[in-house]
$ cat model-v7.csv   # CSV, N, CA and C atoms
chain,number,residue,atom,x,y,z
K,219,MET,N,24.1,-7.8,-9.8
K,219,MET,CA,22.8,-8.1,-9.2
K,219,MET,C,22.4,-6.9,-8.3
K,220,ASP,N,21.1,-6.5,-8.4
K,220,ASP,CA,20.6,-5.4,-7.6
K,220,ASP,C,20.2,-5.8,-6.3
K,221,THR,N,20.9,-5.4,-5.2
K,221,THR,CA,20.6,-5.9,-3.9
K,221,THR,C,19.8,-4.8,-3.1
K,222,GLU,N,19.6,-3.7,-3.7
K,222,GLU,CA,18.8,-2.6,-3.1
K,222,GLU,C,17.3,-3.0,-3.0
K,223,LYS,N,16.8,-2.8,-1.8
K,223,LYS,CA,15.3,-3.2,-1.6
K,223,LYS,C,14.5,-2.2,-2.3
K,224,LYS,N,13.4,-2.7,-2.9
K,224,LYS,CA,12.5,-1.9,-3.7
K,224,LYS,C,11.3,-1.4,-2.8
K,225,GLU,N,10.7,-0.3,-3.2
K,225,GLU,CA,9.5,0.2,-2.4
K,225,GLU,C,8.3,-0.3,-3.2
K,226,ILE,N,7.3,-0.8,-2.4
K,226,ILE,CA,6.0,-1.1,-2.9
K,226,ILE,C,5.0,0.0,-2.5
K,227,ARG,N,4.4,0.5,-3.6
K,227,ARG,CA,3.5,1.6,-3.4
K,227,ARG,C,2.0,1.1,-3.3
K,228,PHE,N,1.3,1.6,-2.3
K,228,PHE,CA,-0.1,1.3,-2.1
K,228,PHE,C,-0.9,2.6,-2.4
K,229,ILE,N,-1.9,2.4,-3.2
K,229,ILE,CA,-2.7,3.6,-3.6
K,229,ILE,C,-4.2,3.3,-3.4
K,230,ASP,N,-5.0,4.3,-3.5
K,230,ASP,CA,-6.5,4.1,-3.5
K,230,ASP,C,-6.9,3.9,-5.0
K,231,SER,N,-8.2,3.7,-5.2
K,231,SER,CA,-8.7,3.4,-6.6
K,231,SER,C,-8.6,4.5,-7.5
K,232,ARG,N,-8.2,5.7,-7.0
K,232,ARG,CA,-8.1,6.9,-7.8
K,232,ARG,C,-6.6,7.2,-8.0
K,233,TYR,N,-5.7,6.3,-7.7
K,233,TYR,CA,-4.3,6.3,-7.8
K,233,TYR,C,-3.6,7.3,-6.9
K,234,ARG,N,-4.3,7.7,-5.8
K,234,ARG,CA,-3.7,8.6,-4.8
K,234,ARG,C,-2.9,7.7,-3.9
K,235,GLU,N,-1.6,8.0,-3.7
K,235,GLU,CA,-0.7,7.2,-2.9
K,235,GLU,C,-1.1,7.3,-1.4
K,236,LEU,N,-1.2,6.1,-0.8
K,236,LEU,CA,-1.5,6.0,0.7
K,236,LEU,C,-0.3,5.8,1.5
K,237,PHE,N,0.6,4.9,1.1
K,237,PHE,CA,1.8,4.6,1.8
K,237,PHE,C,2.7,3.7,0.9
K,238,ARG,N,3.9,3.6,1.4
K,238,ARG,CA,4.9,2.7,0.7
K,238,ARG,C,5.5,1.8,1.8
K,239,ILE,N,5.9,0.6,1.4
K,239,ILE,CA,6.6,-0.3,2.3
K,239,ILE,C,7.8,-0.9,1.5
K,240,GLN,N,8.7,-1.4,2.3
K,240,GLN,CA,9.9,-2.1,1.6
K,240,GLN,C,9.5,-3.4,1.1
K,241,ASP,N,10.1,-3.9,0.0
K,241,ASP,CA,9.9,-5.2,-0.5
K,241,ASP,C,10.2,-6.2,0.6
K,242,GLY,N,9.2,-7.1,0.8
K,242,GLY,CA,9.4,-8.1,1.9
K,242,GLY,C,8.6,-7.8,3.1
K,243,ASP,N,8.2,-6.5,3.3
K,243,ASP,CA,7.5,-6.1,4.5
K,243,ASP,C,6.0,-6.6,4.3
K,244,SER,N,5.2,-6.5,5.4
K,244,SER,CA,3.9,-7.0,5.4
K,244,SER,C,2.8,-5.9,5.6
K,245,ILE,N,1.6,-6.2,5.2
K,245,ILE,CA,0.5,-5.3,5.5
K,245,ILE,C,-0.5,-6.1,6.3
K,246,GLU,N,-1.4,-5.4,7.0
K,246,GLU,CA,-2.5,-6.0,7.7
K,246,GLU,C,-3.7,-5.6,7.0
K,247,ILE,N,-4.5,-6.6,6.6
K,247,ILE,CA,-5.8,-6.3,6.0
K,247,ILE,C,-6.9,-6.6,7.0
K,248,SER,N,-7.8,-5.6,7.2
K,248,SER,CA,-8.9,-5.7,8.1
K,248,SER,C,-10.2,-5.8,7.3
K,249,TYR,N,-11.0,-6.9,7.5
K,249,TYR,CA,-12.2,-7.1,6.8
K,249,TYR,C,-13.4,-6.6,7.6
K,250,PRO,N,-14.5,-6.3,6.9
K,250,PRO,CA,-15.7,-5.7,7.6
K,250,PRO,C,-16.2,-6.6,8.7
K,251,ASN,N,-16.0,-7.9,8.6
K,251,ASN,CA,-16.5,-8.8,9.7
K,251,ASN,C,-15.6,-8.9,10.9
K,252,GLY,N,-14.5,-8.1,10.9
K,252,GLY,CA,-13.6,-8.0,12.0
K,252,GLY,C,-12.4,-8.9,11.9
K,253,ASP,N,-12.3,-9.8,10.9
K,253,ASP,CA,-11.1,-10.6,10.7
K,253,ASP,C,-10.0,-9.7,10.2
K,254,LYS,N,-8.8,-10.1,10.7
K,254,LYS,CA,-7.6,-9.4,10.3
K,254,LYS,C,-6.5,-10.4,9.9
K,255,VAL,N,-5.9,-10.1,8.8
K,255,VAL,CA,-4.8,-11.0,8.3
K,255,VAL,C,-3.6,-10.2,8.0
K,256,GLU,N,-2.4,-10.8,8.1
K,256,GLU,CA,-1.2,-10.2,7.8
K,256,GLU,C,-0.7,-10.9,6.5
K,257,ARG,N,-0.2,-10.1,5.5
K,257,ARG,CA,0.3,-10.7,4.3
K,257,ARG,C,1.6,-10.0,3.9
K,258,LYS,N,2.6,-10.9,3.6
K,258,LYS,CA,3.9,-10.4,3.1
K,258,LYS,C,3.7,-9.9,1.7
K,259,CYS,N,4.4,-8.8,1.4
K,259,CYS,CA,4.3,-8.2,0.0
K,259,CYS,C,5.7,-8.3,-0.7
K,260,THR,N,5.6,-8.6,-1.9
K,260,THR,CA,6.8,-8.7,-2.7
K,260,THR,C,6.7,-7.8,-3.9
K,261,PHE,N,7.8,-7.0,-4.1
K,261,PHE,CA,7.9,-6.1,-5.3
K,261,PHE,C,8.1,-6.9,-6.5
K,262,LEU,N,7.2,-6.7,-7.6
K,262,LEU,CA,7.4,-7.3,-8.9
K,262,LEU,C,7.9,-6.2,-9.9
K,263,ASP,N,7.2,-5.1,-9.9
K,263,ASP,CA,7.6,-3.9,-10.7
K,263,ASP,C,6.9,-2.7,-10.1
K,264,GLU,N,7.0,-1.6,-10.8
K,264,GLU,CA,6.4,-0.4,-10.2
K,264,GLU,C,4.9,-0.5,-10.1
K,265,TYR,N,4.2,-1.3,-10.8
K,265,TYR,CA,2.8,-1.4,-10.8
K,265,TYR,C,2.2,-2.7,-10.4
K,266,HIS,N,3.1,-3.7,-10.0
K,266,HIS,CA,2.6,-5.0,-9.6
K,266,HIS,C,3.3,-5.5,-8.4
K,267,THR,N,2.5,-6.1,-7.5
K,267,THR,CA,3.1,-6.7,-6.3
K,267,THR,C,2.4,-8.0,-5.9
K,268,ARG,N,3.1,-8.8,-5.2
K,268,ARG,CA,2.5,-10.0,-4.7
K,268,ARG,C,2.1,-9.7,-3.3
K,269,VAL,N,0.9,-10.0,-2.9
K,269,VAL,CA,0.3,-9.8,-1.6
K,269,VAL,C,0.0,-11.2,-1.1
K,270,GLY,N,0.8,-11.8,-0.2
K,270,GLY,CA,0.6,-13.2,0.1
K,270,GLY,C,1.0,-14.0,-1.1
K,271,MET,N,0.0,-14.8,-1.5
K,271,MET,CA,0.2,-15.7,-2.7
K,271,MET,C,-0.3,-15.1,-4.0
K,272,MET,N,-1.0,-14.0,-3.9
K,272,MET,CA,-1.7,-13.4,-5.1
K,272,MET,C,-0.9,-12.3,-5.7
K,273,VAL,N,-0.9,-12.2,-7.0
K,273,VAL,CA,-0.3,-11.1,-7.7
K,273,VAL,C,-1.4,-10.1,-8.1
K,274,PHE,N,-1.1,-8.8,-7.9
K,274,PHE,CA,-2.0,-7.7,-8.2
K,274,PHE,C,-1.4,-6.6,-8.9
K,275,HIS,N,-2.1,-5.9,-9.8
K,275,HIS,CA,-1.7,-4.6,-10.2
K,275,HIS,C,-2.1,-3.7,-9.0
K,276,ILE,N,-1.4,-2.7,-8.7
K,276,ILE,CA,-1.6,-1.9,-7.5
K,276,ILE,C,-3.0,-1.3,-7.5
K,277,CYS,N,-3.6,-0.9,-8.6
K,277,CYS,CA,-4.9,-0.3,-8.6
K,277,CYS,C,-6.0,-1.5,-8.5
K,278,GLU,N,-5.7,-2.6,-9.0
K,278,GLU,CA,-6.6,-3.8,-8.9
K,278,GLU,C,-6.7,-4.1,-7.4
K,279,PHE,N,-5.6,-4.1,-6.7
K,279,PHE,CA,-5.7,-4.4,-5.3
K,279,PHE,C,-6.5,-3.4,-4.5
K,280,ALA,N,-6.3,-2.1,-4.8
K,280,ALA,CA,-7.1,-1.0,-4.2
K,280,ALA,C,-8.6,-1.2,-4.5
K,281,GLU,N,-8.9,-1.5,-5.7
K,281,GLU,CA,-10.3,-1.6,-6.1
K,281,GLU,C,-11.0,-2.8,-5.4
K,282,ARG,N,-10.2,-3.9,-5.4
K,282,ARG,CA,-10.8,-5.1,-4.7
K,282,ARG,C,-11.0,-4.8,-3.2
K,283,MET,N,-10.1,-4.2,-2.5
K,283,MET,CA,-10.2,-3.9,-1.1
K,283,MET,C,-11.4,-3.0,-0.9
K,284,GLU,N,-11.4,-1.9,-1.7
K,284,GLU,CA,-12.5,-0.9,-1.6
K,284,GLU,C,-13.9,-1.6,-1.9
K,285,GLY,N,-13.9,-2.5,-2.8
K,285,GLY,CA,-15.2,-3.2,-3.2
K,285,GLY,C,-15.7,-4.0,-2.1
K,286,ILE,N,-14.9,-4.6,-1.3
K,286,ILE,CA,-15.4,-5.5,-0.2
K,286,ILE,C,-15.4,-4.8,1.2
K,287,GLY,N,-15.0,-3.5,1.2
K,287,GLY,CA,-15.0,-2.7,2.4
K,287,GLY,C,-13.8,-3.0,3.4
K,288,ALA,N,-12.8,-3.6,2.8
K,288,ALA,CA,-11.6,-3.9,3.7
K,288,ALA,C,-10.6,-2.7,3.7
K,289,THR,N,-9.9,-2.6,4.8
K,289,THR,CA,-8.9,-1.6,4.9
K,289,THR,C,-7.5,-2.3,5.0
K,290,TYR,N,-6.5,-1.6,4.8
K,290,TYR,CA,-5.1,-2.2,4.9
K,290,TYR,C,-4.1,-1.1,5.3
K,291,LYS,N,-3.1,-1.6,6.0
K,291,LYS,CA,-2.1,-0.7,6.5
K,291,LYS,C,-0.8,-1.4,6.7
K,292,PRO,N,0.3,-0.7,6.8
K,292,PRO,CA,1.6,-1.4,7.0
K,292,PRO,C,1.6,-2.0,8.4
K,293,VAL,N,2.3,-3.2,8.5
K,293,VAL,CA,2.5,-3.8,9.8
K,293,VAL,C,3.5,-3.0,10.6
K,294,LYS,N,4.6,-2.6,10.0
K,294,LYS,CA,5.6,-1.8,10.6
K,294,LYS,C,5.1,-0.4,10.8
K,295,GLU,N,5.5,0.2,11.9
K,295,GLU,CA,5.0,1.6,12.1
K,295,GLU,C,5.8,2.5,11.2
K,296,HIS,N,7.1,2.3,11.0
K,296,HIS,CA,7.8,3.1,10.1
K,296,HIS,C,7.5,2.9,8.7
K,297,VAL,N,6.9,3.9,8.0
K,297,VAL,CA,6.5,3.7,6.6
K,297,VAL,C,7.3,4.7,5.8
K,298,LEU,N,7.6,4.2,4.6
K,298,LEU,CA,8.3,5.1,3.6
K,298,LEU,C,7.4,6.2,3.2
K,299,LYS,N,7.8,7.4,3.2
K,299,LYS,CA,6.9,8.5,2.8
K,299,LYS,C,7.1,8.8,1.3
K,300,SER,N,6.0,9.1,0.7
K,300,SER,CA,6.0,9.5,-0.7
K,300,SER,C,6.8,10.8,-0.8
K,301,PRO,N,7.3,11.2,-2.0
K,301,PRO,CA,8.0,12.5,-2.1
K,301,PRO,C,7.1,13.7,-1.6
K,302,GLU,N,5.9,13.6,-1.9
K,302,GLU,CA,4.9,14.7,-1.6
K,302,GLU,C,4.8,14.7,0.0
K,303,GLN,N,4.7,13.6,0.6
K,303,GLN,CA,4.6,13.6,2.1
K,303,GLN,C,5.9,14.0,2.8
K,304,ALA,N,7.0,13.8,2.2
K,304,ALA,CA,8.3,14.0,2.8
K,304,ALA,C,8.7,15.5,2.8
K,305,GLN,N,8.0,16.4,2.1
K,305,GLN,CA,8.3,17.8,2.1
K,305,GLN,C,7.8,18.4,3.4
K,306,PRO,N,8.7,19.0,4.2
K,306,PRO,CA,8.3,19.5,5.5
K,306,PRO,C,7.5,20.8,5.4
K,307,ASP,N,7.5,21.5,4.3
K,307,ASP,CA,6.8,22.8,4.2
K,307,ASP,C,5.3,22.5,3.8
K,308,ARG,N,4.9,21.3,3.6
K,308,ARG,CA,3.5,21.0,3.3
K,308,ARG,C,2.8,20.6,4.5
K,309,ASP,N,1.7,21.3,4.8
K,309,ASP,CA,0.8,21.0,5.9
K,309,ASP,C,-0.4,20.2,5.3
K,310,ARG,N,-0.3,18.9,5.3
K,310,ARG,CA,-1.2,18.1,4.6
K,310,ARG,C,-1.9,17.1,5.5
K,311,ALA,N,-3.2,17.4,5.7
K,311,ALA,CA,-4.0,16.4,6.6
K,311,ALA,C,-4.4,15.2,5.8
K,312,VAL,N,-4.4,14.1,6.4
K,312,VAL,CA,-4.8,12.8,5.7
K,312,VAL,C,-6.0,12.3,6.4
K,313,PRO,N,-7.2,12.6,5.9
K,313,PRO,CA,-8.4,12.1,6.6
K,313,PRO,C,-8.5,10.7,6.5
K,314,ASP,N,-9.3,10.1,7.4
K,314,ASP,CA,-9.6,8.6,7.2
K,314,ASP,C,-10.4,8.4,6.0
K,315,GLY,N,-10.1,7.3,5.3
K,315,GLY,CA,-10.8,6.9,4.1
K,315,GLY,C,-11.1,5.5,4.1
K,316,PRO,N,-11.6,4.9,3.0
K,316,PRO,CA,-11.9,3.5,3.0
K,316,PRO,C,-10.8,2.6,3.2
K,317,HIS,N,-9.6,3.0,3.1
K,317,HIS,CA,-8.4,2.2,3.3
K,317,HIS,C,-7.7,2.5,4.6
K,318,GLY,N,-8.3,3.3,5.4
K,318,GLY,CA,-7.8,3.6,6.7
K,318,GLY,C,-6.6,4.6,6.7
K,319,ARG,N,-6.2,5.1,5.6
K,319,ARG,CA,-5.0,5.9,5.6
K,319,ARG,C,-5.3,7.2,4.7
K,320,GLY,N,-6.5,7.6,4.5
K,320,GLY,CA,-6.8,8.8,3.7
K,320,GLY,C,-7.2,8.4,2.4
K,321,ARG,N,-7.7,9.4,1.6
K,321,ARG,CA,-8.2,9.1,0.2
K,321,ARG,C,-7.6,10.1,-0.7
$ encode --input "model-v7.csv" --output "structure tokens"
Amino acid sequence: MDTEKKEIRFIDSRYRELFRIQDGDSIEISYPNGDKVERKCTFLDEYHTRVGMMVFHICEFAERMEGIGATYKPVKEHVLKSPEQAQPDRDRAVPDGPHGRGR
């Protein structure tokens, strides 16, 4: 049995990685009307995750959130960095985007 926690990747609608969280961690979704909800996320495979009770392809989730103007971010402050973000020799600014974490 594989007991190692999996990483869930969150991307924008152009497949650019925004952040990663551990399987079982939560994200906060902020809606344009000011409502905020927290949803637990479950790793299904590299391209699918359960957000709350709904299953999404990672790009489908990004497109839906973008389409309604919602933003999302990890609940925990410590976020797993993508390999690109983890390289210390890269000076990479992440501007604010429609998902609140760059585009």
$ atom_distance --input "model-v7.csv" --atom1 "atom C of K:Asp243" --atom2 "atom C of K:Phe279"
15.6 Å
$ atom_distance --input "model-v7.csv" --atom1 "atom N of K:Phe228" --atom2 "atom CA of K:Lys258"
13.4 Å
$ atom_distance --input "model-v7.csv" --atom1 "atom N of K:Lys254" --atom2 "atom CA of K:Leu236"
20.3 Å
$ closest_residue --input "model-v7.csv" --among "K:Gln240, K:Pro250, K:Val255, K:Val269" --to "K:Ile286" --atoms "all atoms listed in the file"
K:Pro250
